[in-house]
Amino acid sequence: MRLHDLRHCAATYLRHGGADMKEIQEVLGHSTIGLTSDTYTSVILELRRPNADAAANLILRKAV
């Protein structure tokens, strides 16, 4: 295991634990939040589910 792998795991666990991207950016020392966001927002798919559900709930559903 490389040191970079440990950083990646730490960032992933922080994100899953509820840390926001700015906090993770500061921990990792990234120069931009875009770098952090591009790297770590797609790792944990469960984090996408609430947003997808919220968007789906806005769509009018046909009454059966």
# chains A, B, ... in the order shown; residues from 1 in each chain; ligands from 1

$ residues_around --residues "range 21-34 of chain A" --least-positions-apart "4" --cutoff "10 Å" --atoms "only C-alpha atoms" --output "list in words"
Arg7, His8, Ala10, Ala11, Thr12, Leu14, Arg15, Asp38, Thr39, Tyr40 and Thr41 of chain A

$ atom_distance --atom1 "CA of His4 in chain A" --atom2 "CA of Arg49 in chain A"
27.8 Å

$ atom_distance --atom1 "CA of Gly18 in chain A" --atom2 "CA of Pro50 in chain A"
13.4 Å
